[in-house]
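Only one structure is covered here, and it is reproduced in the block below.
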Amino acid sequence: MKRVLPFSLILLVVLSACTGTKKYYEQGDYETAVFNSIERLRKTPDNKKSRETLKLAYPSMVEYLTDKISKAKLSADPLRWEQVVADYALLNRAYDEIQRSPGARQVVSDARSYQSEYNEATLKAAESRYALGLQRLAQGEQGDRESAKLAFEHFRKALEFRPNFRDAESKMLQSQDLATLYIQIEPIPMHSRTLQLSNEFFENQMTEYIRSVQFSPFVRFYTAKEAGQRTREPDQIIRMVFDDFVVGQAYVKETIAQRVQDSVIVGTVNIGEDSVVNVYGTVKAEVHQFQKEITSGGLLDFRIIDARTGTLLSQRKFPGTFVWTDRWGYFNGDERALTQDDKRFTTKRRESPNPLPQDLFIEFTKPIYSQVTGFVGEYYRNY
């Protein structure tokens with residue numbers, strides 16, 4: 001059922017909203033007072049309270065922001081023009097909103113656009129950022145990676161204020177290259193005298209990971225296969241070696257269990273000429289269960305090395321284990337004594353073929369892969 005609010009309650013809500021808007025003005029929050037008033041006048045052009053508030057708040061907002069702009073222009077802060085841009089943008093937004101509201105336009109007929117001033121300020125802001133970028137870029141070219149990162153940010157901001165500003169884009173890419181850490185992932189050696197195993201799956205997973213995950217803009221990974229395509233030497237090397245691993249350690253266990261089930265229908269008895277009743281009794285069975293487990297596991301030594309000095313920057317040991325299980329069995333006695341689990345494995349009379357060593361190797365490296373990628377993501381997140 002649709003609920004209809006009393007007129008007195010609706011009036012109270014409207015008056016409260018108008019009072020709240022005027023309160024923003026009285027507290028010096030001219031921006032909120034202006035935009036709230038414009039929005040209400042868009043819905044109700046004749047709203048007296050909103051018209052009064054807008055008439056007072058808009059001139060106050062303009063006076064406050066233009067004064068703030070004048071002071072900012074006199075500041076020695078090289079980034080002062082960004083505040084000027086923000087304030088002119090706010091004045092332009094107020095002008096646009098007033099033009100879109102007939103009721104507001106009647107109240108503020110002298111609202112003006114500050115677009116030309118805004119355009120001039122964005123040019124000044126872009127020039128300031130560009131000049132700061134050149135200073136930091138010069139330091140980055142001397143090997144200061146942090147300065148190169150700051151140069152990248154300055155040129156990026158310059159392009160935000162003025163797209164295609166001078167050669168800011170090429171300077172930004174140059175700064176990014178100077179700031180970027182290039183990391184080469186070495187192939188994982190395999191040393192197994194008895195098994196022919198391949199780590200291709202693990203390496204492919206790592207390659208897919210570094211190509212799909214977004215790290216810092218200043219981190220680039222590449223594999224040893226890709227190293228020949230690059231003219232720049234790596235900054236760091238990731239080296240991974242399996243310290244030890246076991247593939248195919250089998251263990252078979254036999255379990256014998258006695259099953260007894262009471263109150264099972266074991267027959268019927270005729271009572272009289274037309275009546276038959278069930279006979280209940282106890283049934284038994286002996287269950288033989290065989291369980292084979294093949295355990296595989298290993299330990300990966302993970303290192304991050306400074307490519308120029310050979311210094312060990314970080315080292316971790318990541319373990320991984322996988323247990324392959326197979327069950328089969330048989331029973332002697334009454335099948336009705338079996339549990340549901342007994343029925344599942346006793347239908348299988350013989351063991352399954354052992355999985356291939358390569359498959360077992362892949363399985364135990366999966367939890368290692370999760371640990372490695374988690375560590376790499378955390379280590380290089382803010383590099």
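Naming works like this for the structure tokens: A, B, ... for the chains as they're shown, residue 1 at the start of each chain, ligands 1 onward in shown order.
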With a cut-off of 12 Å, could you pull out the residues of range 113-216 of chain A touching range 64-78 of chain A and give me the nearest pair of atoms for each, distance in Å to one decimal, using only C-alpha atoms, ordered by chain and ascending number, as CSV?
residue,atom,partner,partner_atom,distance
A:Tyr114,CA,A:Thr66,CA,10.5
A:Glu117,CA,A:Ile69,CA,10.7
A:Tyr118,CA,A:Ile69,CA,11.1
A:Ala121,CA,A:Lys73,CA,9.7
A:Lys124,CA,A:Pro78,CA,10.0
A:Ala125,CA,A:Pro78,CA,8.7
A:Ala126,CA,A:Pro78,CA,10.9
A:Glu127,CA,A:Pro78,CA,9.9
A:Ser128,CA,A:Pro78,CA,6.2
A:Arg129,CA,A:Pro78,CA,8.1
A:Tyr130,CA,A:Pro78,CA,10.9
A:Ala131,CA,A:Pro78,CA,9.4
A:Leu132,CA,A:Pro78,CA,8.3
A:Gly133,CA,A:Pro78,CA,11.8
A:His154,CA,A:Pro78,CA,11.7
Restricting the output to C-alpha atoms, write the selected residues as a compact mmCIF listing (two decimals), in the first residue's frame.
# COMPACT_ATOMS: atom_id res chain seq x y z
CA TYR A 114 36.34 32.62 -15.83
CA GLU A 117 41.60 32.99 -16.65
CA TYR A 118 41.31 29.22 -16.18
CA ALA A 121 46.27 29.22 -15.17
CA LYS A 124 51.14 28.36 -16.02
CA ALA A 125 50.59 25.15 -14.05
CA ALA A 126 51.86 23.03 -16.96
CA GLU A 127 54.91 25.27 -17.36
CA SER A 128 55.73 24.97 -13.65
CA ARG A 129 55.45 21.21 -13.68
CA TYR A 130 57.51 21.01 -16.87
CA ALA A 131 60.30 23.13 -15.36
CA LEU A 132 60.36 20.98 -12.22
CA GLY A 133 60.41 17.89 -14.40
CA HIS A 154 55.93 16.23 -12.96
Any chance you could tabulate, as a Markdown table, the residues of range 189-287 of chain A at most 7 Å from range 291-305 of chain A with each one's nearest atom pair and distance in Å to one decimal, using only C-alpha atoms, in chain and rising number order?
| residue | atom | partner | partner_atom | distance |
| --- | --- | --- | --- | --- |
| A:Gln236 | CA | A:Ile305 | CA | 5.5 |
| A:Ile237 | CA | A:Ile305 | CA | 5.1 |
| A:Ile238 | CA | A:Ile304 | CA | 4.7 |
| A:Arg239 | CA | A:Arg303 | CA | 5.2 |
| A:Met240 | CA | A:Phe302 | CA | 4.7 |
| A:Val241 | CA | A:Asp301 | CA | 5.2 |
| A:Phe242 | CA | A:Leu300 | CA | 4.4 |
| A:Asp243 | CA | A:Leu299 | CA | 5.7 |
| A:Asp244 | CA | A:Gly298 | CA | 5.4 |
| A:Phe245 | CA | A:Gly298 | CA | 3.8 |
| A:Val246 | CA | A:Ser296 | CA | 5.3 |
| A:Val247 | CA | A:Ser296 | CA | 4.5 |
| A:Gly248 | CA | A:Ile294 | CA | 5.4 |
| A:Gln249 | CA | A:Thr295 | CA | 5.2 |
| A:Ala250 | CA | A:Ile294 | CA | 4.2 |
| A:Tyr251 | CA | A:Glu293 | CA | 5.2 |
| A:Val252 | CA | A:Lys292 | CA | 4.3 |
| A:Lys253 | CA | A:Gln291 | CA | 5.3 |
| A:Glu254 | CA | A:Gln291 | CA | 6.5 |
Worksheet item: Where in range 25-205 of chain A does DSSP assign alpha helix (DSSP H), given as number ranges by chain?
Response: A: 25-26, 30-43, 48-73, 80-99, 102-107, 115-140, 145-161, 168-179, 200-205
Practice prompt. Find the distance between CA of Arg105 in chain A and CA of Lys55 in chain A and write it in Å to one decimal.
Written response: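 According to the coordinates, CA of Arg105 in chain A and CA of Lys55 in chain A are separated by 10.5 Å.
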Worksheet entry | Atom-to-atom span, CA of Lys43 in chain A and CA of Ser101 in chain A, Å |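 Interatomic distance, CA of Lys43 in chain A to CA of Ser101 in chain A: 8.7 Å.
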Practice prompt. Could you check which of A:Gln229, A:Gln289, A:Thr180, A:Asn164 is closest to Lys149 in chain A, using only C-alpha atoms?
Written response: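 Distance minimum relative to Lys149 in chain A lands on A:Thr180.
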Discussion item. Measuring between only C-alpha atoms, which one of A:Arg349, A:Arg344, A:Lys23, A:Lys366 shows the shortest distance to Thr321 in chain A?
Written reply: A:Lys366
Worksheet item: Residues of range 147-267 of chain A in strand (DSSP E or B) according to DSSP, as a PyMOL selection string?
Response: chain A and resi 181-185+219-223+236-267
Fill in: Nearby residues (only C-alpha atoms) at most 12 Å from range 26-33 of chain A, same-chain spacing under 6 positions excluded, as number ranges by chain
A: 17-20, 39-40, 49-65, 87, 90-91, 93-94
